[in-house]
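*Asks:* Contents of upload19.txt (compact mmCIF, C-alpha atoms and all ligand atoms) are given next:
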```txt
# COMPACT_ATOMS: atom_id res chain seq x y z
CA MET A 957 38.35 25.64 29.59
CA ASN A 958 41.54 25.86 27.58
CA ASN A 959 41.59 29.36 26.17
CA THR A 960 43.67 31.02 23.53
CA ILE A 961 45.34 34.07 25.11
CA GLY A 962 45.65 37.06 22.82
CA ILE A 963 46.92 40.62 22.80
CA HIS A 964 45.64 43.65 20.92
CA ALA A 965 48.20 45.15 18.54
CA GLY A 966 47.58 48.57 20.11
CA VAL A 967 49.96 47.53 22.87
CA TRP A 968 52.77 47.39 20.34
CA ILE A 969 52.15 49.55 17.29
CA GLY A 970 50.10 52.19 15.52
CA ALA A 971 50.30 51.91 11.73
CA TRP A 972 51.02 48.53 10.05
CA THR A 973 54.33 49.28 8.38
CA PRO A 974 56.50 46.20 7.61
CA GLU A 975 58.85 47.08 10.52
CA ASN A 976 55.90 47.49 12.91
CA THR A 977 54.35 44.22 11.73
CA THR A 978 57.52 42.28 12.50
CA LEU A 979 57.91 44.01 15.86
CA ALA A 980 54.29 43.29 16.92
CA VAL A 981 54.49 39.64 15.84
CA GLU A 982 57.85 38.95 17.49
CA ARG A 983 57.00 40.69 20.77
CA THR A 984 53.61 38.93 20.95
CA ALA A 985 55.26 35.53 20.57
CA ALA A 986 58.10 36.40 22.96
CA ALA A 987 55.62 37.43 25.68
CA GLY A 988 53.97 33.99 25.43
CA TYR A 989 50.71 34.85 23.67
CA ASP A 990 48.88 32.56 21.21
CA LEU A 991 47.04 35.24 19.22
CA LEU A 992 47.62 38.75 17.90
CA GLU A 993 44.57 40.96 17.36
CA VAL A 994 45.09 42.99 14.20
CA THR A 995 43.48 46.44 14.18
CA GLY A 996 41.41 46.73 11.01
CA THR A 997 40.17 50.30 11.42
CA ASP A 998 41.86 51.15 8.13
CA PRO A 999 41.62 47.69 6.49
CA THR A 1000 43.01 48.52 3.05
CA SER A 1001 46.22 50.00 4.54
CA ILE A 1002 47.51 46.56 5.61
CA ASP A 1003 49.70 44.23 3.56
CA THR A 1004 47.81 41.03 4.38
CA THR A 1005 50.28 38.68 2.69
CA PHE A 1006 53.16 40.02 4.76
CA VAL A 1007 51.19 40.03 8.02
CA ARG A 1008 50.12 36.44 7.42
CA SER A 1009 53.64 35.25 6.59
CA GLU A 1010 55.00 36.92 9.74
CA LEU A 1011 52.26 35.33 11.90
CA ASP A 1012 52.94 31.93 10.34
CA ARG A 1013 56.68 32.31 10.83
CA VAL A 1014 56.28 32.39 14.62
CA GLY A 1015 53.14 30.22 14.79
CA LEU A 1016 50.63 32.85 15.98
CA GLN A 1017 46.86 32.87 15.46
CA SER A 1018 45.06 36.12 14.73
CA ALA A 1019 41.81 38.01 15.03
CA VAL A 1020 40.80 41.24 13.30
CA SER A 1021 38.94 44.00 15.13
CA LEU A 1022 37.59 47.38 14.17
CA GLY A 1023 34.95 49.97 14.84
CA LEU A 1024 33.11 51.77 12.06
CA THR A 1025 33.38 55.55 11.57
CA PHE A 1026 30.79 58.30 11.05
CA ASP A 1027 31.64 58.57 7.33
CA ALA A 1028 31.34 54.78 6.80
CA ASP A 1029 28.69 53.44 9.16
CA VAL A 1030 25.83 50.92 9.00
CA ASN A 1031 23.96 52.33 12.03
CA THR A 1032 22.54 55.08 9.82
CA GLU A 1033 19.65 56.00 7.53
CA ASP A 1034 21.96 57.91 5.15
CA ALA A 1035 22.22 55.76 2.00
CA ALA A 1036 25.70 56.95 1.01
CA VAL A 1037 27.14 56.48 4.52
CA LEU A 1038 25.48 53.06 4.70
CA GLU A 1039 27.02 51.99 1.41
CA ARG A 1040 30.48 53.06 2.60
CA GLY A 1041 29.87 51.23 5.89
CA ARG A 1042 29.02 48.00 4.09
CA THR A 1043 32.11 48.39 1.91
CA ARG A 1044 34.26 48.89 5.03
CA LEU A 1045 32.89 45.65 6.49
CA GLU A 1046 33.63 43.78 3.24
CA GLN A 1047 37.19 45.14 3.35
CA ALA A 1048 37.57 44.10 6.99
CA LEU A 1049 36.38 40.59 6.13
CA ALA A 1050 38.88 40.44 3.27
CA LEU A 1051 41.59 41.54 5.73
CA ALA A 1052 40.56 38.81 8.19
CA GLU A 1053 40.63 36.18 5.46
CA GLY A 1054 43.94 37.52 4.15
CA VAL A 1055 45.76 37.30 7.48
CA GLY A 1056 44.16 33.92 8.27
CA ALA A 1057 42.02 35.16 11.19
CA LYS A 1058 39.16 33.00 12.47
CA TYR A 1059 37.48 35.95 14.24
CA LEU A 1060 36.26 39.33 13.02
CA VAL A 1061 35.18 41.30 16.10
CA GLY A 1062 34.54 44.76 17.53
CA CYS A 1063 32.06 47.52 16.85
CA LEU A 1064 31.03 46.09 13.45
CA TYR A 1065 27.45 47.37 13.70
CA SER A 1066 28.12 51.03 14.51
CA THR A 1067 30.56 53.89 14.56
CA LEU A 1068 32.89 53.68 17.55
CA GLY A 1069 32.07 57.14 18.83
CA LYS A 1070 29.67 59.44 20.65
CA TYR A 1071 26.39 59.78 18.73
CA PRO A 1072 24.41 63.02 19.11
CA GLY A 1073 21.17 61.12 19.96
CA PRO A 1074 19.59 57.67 20.36
CA ALA A 1075 19.60 55.23 17.42
CA THR A 1076 16.61 55.42 15.09
CA TRP A 1077 14.61 52.31 14.18
CA GLY A 1078 15.64 52.70 10.54
CA ALA A 1079 19.35 52.88 11.44
CA ARG A 1080 18.99 49.87 13.70
CA ARG A 1081 17.28 47.89 10.94
CA ASN A 1082 20.05 48.81 8.50
CA ALA A 1083 22.73 47.79 11.03
CA ALA A 1084 21.08 44.40 11.64
CA ALA A 1085 20.76 43.77 7.88
CA ALA A 1086 24.42 44.70 7.26
CA VAL A 1087 25.61 42.39 10.06
CA ARG A 1088 23.45 39.55 8.69
CA GLU A 1089 24.98 40.02 5.24
CA LEU A 1090 28.50 40.11 6.73
CA ALA A 1091 27.82 36.98 8.80
CA THR A 1092 26.64 35.04 5.75
CA GLU A 1093 29.74 35.94 3.74
CA ALA A 1094 32.03 35.32 6.75
CA GLN A 1095 30.55 31.87 7.31
CA ARG A 1096 31.49 30.89 3.75
CA ARG A 1097 35.10 31.83 4.60
CA GLY A 1098 35.16 30.11 8.00
CA ILE A 1099 35.28 33.34 10.01
CA SER A 1100 33.09 34.04 13.07
CA ILE A 1101 31.56 37.47 13.67
CA GLY A 1102 31.70 38.95 17.21
CA LEU A 1103 29.74 42.06 18.12
CA GLU A 1104 31.53 43.92 20.91
CA VAL A 1105 29.39 45.45 23.64
CA VAL A 1106 30.79 48.95 24.20
CA ASN A 1107 29.83 51.81 26.49
CA ARG A 1108 27.31 54.57 25.80
CA TYR A 1109 29.98 57.06 24.69
CA GLU A 1110 31.10 54.70 21.91
CA THR A 1111 27.76 53.57 20.42
CA ASN A 1112 24.04 54.29 20.82
CA LEU A 1113 22.78 50.90 19.57
CA PHE A 1114 23.31 48.67 22.65
CA ASN A 1115 25.52 48.92 25.73
CA THR A 1116 24.84 45.77 27.77
CA ALA A 1117 24.93 42.01 27.18
CA ALA A 1118 21.15 41.77 27.55
CA GLU A 1119 20.64 44.46 24.91
CA ALA A 1120 23.18 42.75 22.65
CA LEU A 1121 21.12 39.54 22.77
CA ASP A 1122 18.06 41.48 21.57
CA PHE A 1123 20.09 42.81 18.66
CA LEU A 1124 21.45 39.32 17.90
CA ASP A 1125 17.86 38.09 17.68
CA GLU A 1126 17.13 40.85 15.16
CA VAL A 1127 20.18 39.84 13.13
CA GLY A 1128 19.07 36.22 13.30
CA HIS A 1129 22.23 34.52 12.04
CA PRO A 1130 24.06 31.59 13.72
CA ASN A 1131 27.51 32.93 12.76
CA VAL A 1132 27.18 35.98 15.05
CA PHE A 1133 28.13 35.96 18.74
CA VAL A 1134 28.69 38.50 21.49
CA HIS A 1135 32.12 39.93 22.31
CA LEU A 1136 32.43 41.20 25.90
CA ASP A 1137 35.03 43.65 27.19
CA THR A 1138 35.53 44.19 30.94
CA TYR A 1139 36.43 47.86 30.42
CA HIS A 1140 32.97 48.52 28.93
CA MET A 1141 31.16 46.11 31.30
CA ASN A 1142 32.60 48.05 34.24
CA ILE A 1143 30.82 51.17 32.96
CA GLU A 1144 27.48 49.69 31.90
CA GLU A 1145 26.74 46.38 33.67
CA GLY A 1146 25.58 45.89 37.27
CA ASP A 1147 28.29 43.29 37.84
CA LEU A 1148 30.83 41.23 35.90
CA ASP A 1149 29.41 37.73 36.29
CA ARG A 1150 25.71 37.79 35.42
CA PRO A 1151 26.27 39.07 31.84
CA VAL A 1152 28.63 36.13 31.22
CA ALA A 1153 26.07 33.65 32.58
CA LEU A 1154 23.28 35.30 30.58
CA LEU A 1155 25.18 34.94 27.29
CA GLY A 1156 26.23 31.32 27.81
CA ASP A 1157 27.39 29.85 24.51
CA ARG A 1158 26.55 33.07 22.65
CA LEU A 1159 29.68 34.60 24.19
CA GLY A 1160 32.44 34.04 21.62
CA TYR A 1161 35.22 36.54 22.27
CA VAL A 1162 36.52 38.40 25.33
CA HIS A 1163 38.62 41.53 25.81
CA VAL A 1164 40.19 41.96 29.22
CA GLY A 1165 40.89 45.61 29.91
CA GLU A 1166 41.38 47.37 33.25
CA SER A 1167 38.98 50.14 34.34
CA HIS A 1168 41.46 52.76 33.07
CA ARG A 1169 42.85 50.50 30.31
CA GLY A 1170 46.27 50.25 31.93
CA TYR A 1171 48.02 47.40 33.85
CA LEU A 1172 45.66 44.56 34.77
CA GLY A 1173 45.08 44.53 38.52
CA SER A 1174 45.92 48.22 39.01
CA GLY A 1175 42.31 49.46 38.58
CA THR A 1176 38.89 48.65 40.00
CA ILE A 1177 37.85 45.56 37.96
CA ASP A 1178 36.80 42.57 40.10
CA TRP A 1179 38.93 40.06 38.22
CA PRO A 1180 38.27 36.92 40.34
CA ARG A 1181 34.53 37.42 39.85
CA PHE A 1182 34.85 37.79 36.08
CA PHE A 1183 37.17 34.81 35.58
CA ARG A 1184 35.04 32.63 37.86
CA ALA A 1185 32.06 33.47 35.64
CA LEU A 1186 34.03 32.45 32.52
CA VAL A 1187 35.00 29.13 34.09
CA GLU A 1188 31.45 28.47 35.31
CA ALA A 1189 30.11 29.22 31.80
CA ASP A 1190 32.78 26.86 30.38
CA TYR A 1191 33.88 29.66 28.06
CA GLY A 1192 36.34 28.22 25.53
CA GLY A 1193 37.01 31.20 23.24
CA PRO A 1194 39.91 33.66 23.10
CA ILE A 1195 40.78 35.97 26.01
CA THR A 1196 42.55 39.00 24.55
CA PHE A 1197 44.35 41.68 26.56
CA GLU A 1198 43.57 45.21 25.46
CA SER A 1199 45.38 48.29 26.74
CA PHE A 1200 46.05 51.74 25.38
CA SER A 1201 48.48 54.49 26.23
CA SER A 1202 49.60 57.67 24.56
CA ALA A 1203 52.98 55.91 24.34
CA VAL A 1204 51.68 54.06 21.23
CA VAL A 1205 49.50 56.07 18.85
CA ASP A 1206 47.31 54.48 16.18
CA PRO A 1207 46.29 57.33 13.89
CA ALA A 1208 42.91 55.72 13.16
CA LEU A 1209 42.06 54.43 16.64
CA SER A 1210 43.63 56.41 19.50
CA ASN A 1211 41.40 59.47 19.16
CA ALA A 1212 38.21 57.40 18.78
CA LEU A 1213 39.07 55.66 22.07
CA ALA A 1214 39.96 58.94 23.84
CA VAL A 1215 43.49 57.82 24.63
CA TRP A 1216 44.80 61.07 26.10
CA ARG A 1217 47.18 59.97 28.80
CA ASN A 1218 50.20 57.83 29.34
CA LEU A 1219 49.29 54.76 31.44
CA TRP A 1220 52.49 52.89 30.60
CA SER A 1221 55.58 53.28 28.48
CA ASP A 1222 57.25 49.83 28.68
CA ASN A 1223 54.96 47.64 26.55
CA VAL A 1224 57.18 44.56 26.91
CA ASP A 1225 56.79 44.65 30.68
CA LEU A 1226 53.05 45.41 30.34
CA ALA A 1227 52.44 42.46 27.99
CA ARG A 1228 54.43 39.97 30.09
CA HIS A 1229 52.61 41.11 33.21
CA ALA A 1230 49.20 40.79 31.51
CA HIS A 1231 49.91 37.27 30.26
CA ALA A 1232 50.96 36.10 33.71
CA PHE A 1233 47.96 37.87 35.25
CA ILE A 1234 45.42 36.22 32.89
CA ASP A 1235 47.06 32.82 33.30
CA GLY A 1236 46.99 33.18 37.09
CA GLN A 1237 43.35 34.27 37.13
CA VAL A 1238 42.26 31.35 34.92
CA ARG A 1239 44.18 28.87 37.08
CA SER A 1240 42.77 30.11 40.37
CA ALA A 1241 39.23 30.32 38.96
CA ARG A 1242 39.51 26.71 37.79
CA ALA A 1243 40.93 25.60 41.14
CA GLY A 1244 38.04 27.39 42.90
CA ALA A 1245 35.49 25.68 40.65
CA ALA A 1246 37.04 22.25 41.27
CA ARG A 1247 36.79 22.60 45.06
MN MN B 1 37.55 46.07 23.49
```
Turn this file's structure into structure tokens for me.
Ligand code: MN

*Replies:*
Amino acid sequence: MNNTIGIHAGVWIGAWTPENTTLAVERTAAAGYDLLEVTGTDPTSIDTTFVRSELDRVGLQSAVSLGLTFDADVNTEDAAVLERGRTRLEQALALAEGVGAKYLVGCLYSTLGKYPGPATWGARRNAAAAVRELATEAQRRGISIGLEVVNRYETNLFNTAAEALDFLDEVGHPNVFVHLDTYHMNIEEGDLDRPVALLGDRLGYVHVGESHRGYLGSGTIDWPRFFRALVEADYGGPITFESFSSAVVDPALSNALAVWRNLWSDNVDLARHAHAFIDGQVRSARAGAAR
């Protein structure tokens, strides 16, 4: 287990202006991370050439993440919304390719938001078909697709690892894996280790977020249990820190995630702390496994 340690750009910046891009890239590298997760919620707003050259300048890897929106969704039976959703996914894939990312992850199958009712079979079928199409195109470009399992207030399609596996079977494409996030697992799963064991090598991307999305270790997540499960599953993919505060506002993302309060203001301290925390958890989980 020799994982890439990443950080979500939401720790640093909202919109991807040139100044913000440089700031996010330099602070990510300075805090010791290997990977910067680029928020692709508004994929055509980003200057991919500049982002890529800045990442390359400091030697950082990248991933792109996004959630769909109610006006451009694939978890729908509305033909016009579906078409816009598929276009959004194509744009996100182009963004991932443009910045040199090897991973396109997040809520790629659904709006990231509270649906008024359960998913319909037709919407589910459309979502699976759109993900299959995306996965085929992504494979040609050497990019893996990760479907993030999020809580019931942020999608109605699936909310647990077991349900995600059912959906993966419906998609039926080898270039699609599951993306787990401890913040969502804490809401929906019975514990933090069995979902990891259940997924095995179909787990391809991990977000570590505290129960309130603030400093790691200051909430109720059972971190030793989660990291032990990753080590026991021999998980080799990225581990990306995700945290949100009203101190950094992304116009396209903060409201969807219900970021209403200020959990931190010093993002440099937060990021350094998170890197040391993840590193420490991985080391002690490995040491425990070796005993
Ligand atoms: Mn997440």

*Asks:* As a list in words, please: the residues near A:Leu1219 (cut-off 8 Å, only C-alpha atoms, same-chain neighbours under 4 positions excluded).

*Replies:* Arg1169, Gly1170, Tyr1171, Phe1200, Ser1201 and Ser1202 of chain A

*Asks:* Which residue out of A:Tyr1191, A:Trp1077, A:Trp1216, A:Phe1006 has the minimum interatomic distance to A:His1135 when all atoms listed in the file are used?

*Replies:*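 Among A:Tyr1191, A:Trp1077, A:Trp1216, A:Phe1006, it is A:Tyr1191 that comes nearest to A:His1135.
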
*Asks:* Distance limit 9 Å, reference ligand MN 1 (chain B), atoms considered: all atoms listed in the file. Which residues make the cut? Give them as a PyMOL selection string.

*Replies:* chain A and resi 964+1021+1062-1063+1104-1106+1135-1140+1162-1165+1196-1199

*Asks:* With 6 Å of padding per side, what axis-aligned box (centre and edge lengths, Å, one decimal) covers all the listed atoms of stretch 1028-1040 of chain A? Give it as JSON.

*Replies:*
```
{"center_x": 25.5, "center_y": 54.4, "center_z": 6.5, "size_x": 23.7, "size_y": 19.0, "size_z": 23.0}
```

*Asks:* Please provide the set of residues having any atom within 6 Å of stretch 1025-1029 of chain A, restricted to only C-alpha atoms, with same-chain residues fewer than 2 positions apart removed, written as an mmCIF file with C-alpha atoms, in the coordinates of the input.

*Replies:*
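Saved result, out_23.cif, follows:
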```cif
data_model
loop_
_atom_site.group_PDB
_atom_site.id
_atom_site.type_symbol
_atom_site.label_atom_id
_atom_site.label_comp_id
_atom_site.auth_asym_id
_atom_site.auth_seq_id
_atom_site.Cartn_x
_atom_site.Cartn_y
_atom_site.Cartn_z
ATOM 1 C CA ASN A 1031 23.960 52.330 12.030
ATOM 2 C CA VAL A 1037 27.140 56.480 4.520
ATOM 3 C CA LEU A 1038 25.480 53.060 4.700
ATOM 4 C CA ARG A 1040 30.480 53.060 2.600
ATOM 5 C CA GLY A 1041 29.870 51.230 5.890
ATOM 6 C CA SER A 1066 28.120 51.030 14.510
ATOM 7 C CA THR A 1067 30.560 53.890 14.560
#
```

*Asks:* Hey, what's within 12 Å of A:Val1007 if we count all atoms listed in the file and toss same-chain stuff fewer than 5 positions away? As a count of residues only, please?

*Replies:* 32

*Asks:* For atom CA of A:Ala987 and atom CA of A:Ser1221, quote the distance in Å rounded to one decimal.

*Replies:*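 If I compute the distance from atom CA of A:Ala987 to atom CA of A:Ser1221, I get 16.1 Å.
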
*Asks:* Scan for residues within 10 Å of the point (22.6, 39.2, 22.3) in the coordinates of the file, using all atoms listed in the file, and reply as a ChimeraX atom specification.

*Replies:* /A:1103,1105,1114,1116-1127,1132-1135,1154-1155,1158-1159

*Asks:* Quick one: distance from atom CA of A:Thr1000 to atom CA of A:Arg1088 in Å, one decimal?

*Replies:*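 Rounded to one decimal, the two atoms are 22.2 Å apart.
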
*Asks:* Can you tell me which residues surround stretch 957-962 of chain A at a distance of at most 6 Å, considering only C-alpha atoms, apart from same-chain residues fewer than 4 positions away, and format the answer as a PyMOL selection string?

*Replies:* chain A and resi 989-992+1190+1192-1196

*Asks:* Please provide as a list in words all residues within 8 Å of A:Ala1048, with the sequence filter that same-chain residues fewer than 5 positions apart are discarded (counting all atoms listed in the file).

*Replies:*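 Skipping anything fewer than 5 positions along the chain leaves Gly996, Pro999, Val1020, Leu1022 and Leu1060 of chain A.
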
*Asks:* Can you work out which one of A:Lys1058, A:Ala1241, A:Thr1043, A:Leu1068 has the shortest atom-to-atom distance to A:Ser1210, counting all atoms listed in the file?

*Replies:*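 Using all atoms listed in the file, the shortest distance to A:Ser1210 belongs to A:Leu1068.
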
*Asks:* Expressed in Å to a single decimal, how great is the separation between atom CA of A:Thr997 and atom CA of A:Leu1045?

*Replies:*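 Atom CA of A:Thr997 sits 9.9 Å away from atom CA of A:Leu1045.
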
*Asks:* Ranking A:Gly988, A:Gly1236, A:Gly1173, A:Pro1151 by minimum distance to A:Ala1185 and counting only C-alpha atoms, which one comes first?

*Replies:*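 Going through A:Gly988, A:Gly1236, A:Gly1173, A:Pro1151 one by one, the smallest distance to A:Ala1185 is for A:Pro1151.
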
*Asks:* Which protein, DNA or RNA residues are at most 10 Å from (27.1, 45.4, 4.8) in the file's coordinates when you count only C-alpha atoms, listed as a PDB file with C-alpha atoms, in the coordinates of the input?

*Replies:*
```pdb
ATOM      1  CA  ASP A1029      28.690  53.440   9.160  1.00  0.00           C
ATOM      2  CA  VAL A1030      25.830  50.920   9.000  1.00  0.00           C
ATOM      3  CA  LEU A1038      25.480  53.060   4.700  1.00  0.00           C
ATOM      4  CA  GLU A1039      27.020  51.990   1.410  1.00  0.00           C
ATOM      5  CA  ARG A1040      30.480  53.060   2.600  1.00  0.00           C
ATOM      6  CA  GLY A1041      29.870  51.230   5.890  1.00  0.00           C
ATOM      7  CA  ARG A1042      29.020  48.000   4.090  1.00  0.00           C
ATOM      8  CA  THR A1043      32.110  48.390   1.910  1.00  0.00           C
ATOM      9  CA  ARG A1044      34.260  48.890   5.030  1.00  0.00           C
ATOM     10  CA  LEU A1045      32.890  45.650   6.490  1.00  0.00           C
ATOM     11  CA  GLU A1046      33.630  43.780   3.240  1.00  0.00           C
ATOM     12  CA  LEU A1064      31.030  46.090  13.450  1.00  0.00           C
ATOM     13  CA  TYR A1065      27.450  47.370  13.700  1.00  0.00           C
ATOM     14  CA  ASN A1082      20.050  48.810   8.500  1.00  0.00           C
ATOM     15  CA  ALA A1083      22.730  47.790  11.030  1.00  0.00           C
ATOM     16  CA  ALA A1084      21.080  44.400  11.640  1.00  0.00           C
ATOM     17  CA  ALA A1085      20.760  43.770   7.880  1.00  0.00           C
ATOM     18  CA  ALA A1086      24.420  44.700   7.260  1.00  0.00           C
ATOM     19  CA  VAL A1087      25.610  42.390  10.060  1.00  0.00           C
ATOM     20  CA  ARG A1088      23.450  39.550   8.690  1.00  0.00           C
ATOM     21  CA  GLU A1089      24.980  40.020   5.240  1.00  0.00           C
ATOM     22  CA  LEU A1090      28.500  40.110   6.730  1.00  0.00           C
ATOM     23  CA  ALA A1091      27.820  36.980   8.800  1.00  0.00           C
ATOM     24  CA  GLU A1093      29.740  35.940   3.740  1.00  0.00           C
TER      25      GLU A1093
END
```

*Asks:* Looking at A:Leu1049, A:Val1205, A:Asn1142, A:Leu1113, which one is nearest to A:Arg1097, with distances taken over all atoms listed in the file?

*Replies:*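 Ranked by minimum distance to A:Arg1097, first place goes to A:Leu1049.
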
*Asks:* For A:Val1204, which residue out of A:Ile969, A:Ala1232, A:Arg1217, A:Phe1183 is the nearest one, using all atoms listed in the file?

*Replies:*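 Under the stated criterion, the closest residue is A:Ile969.
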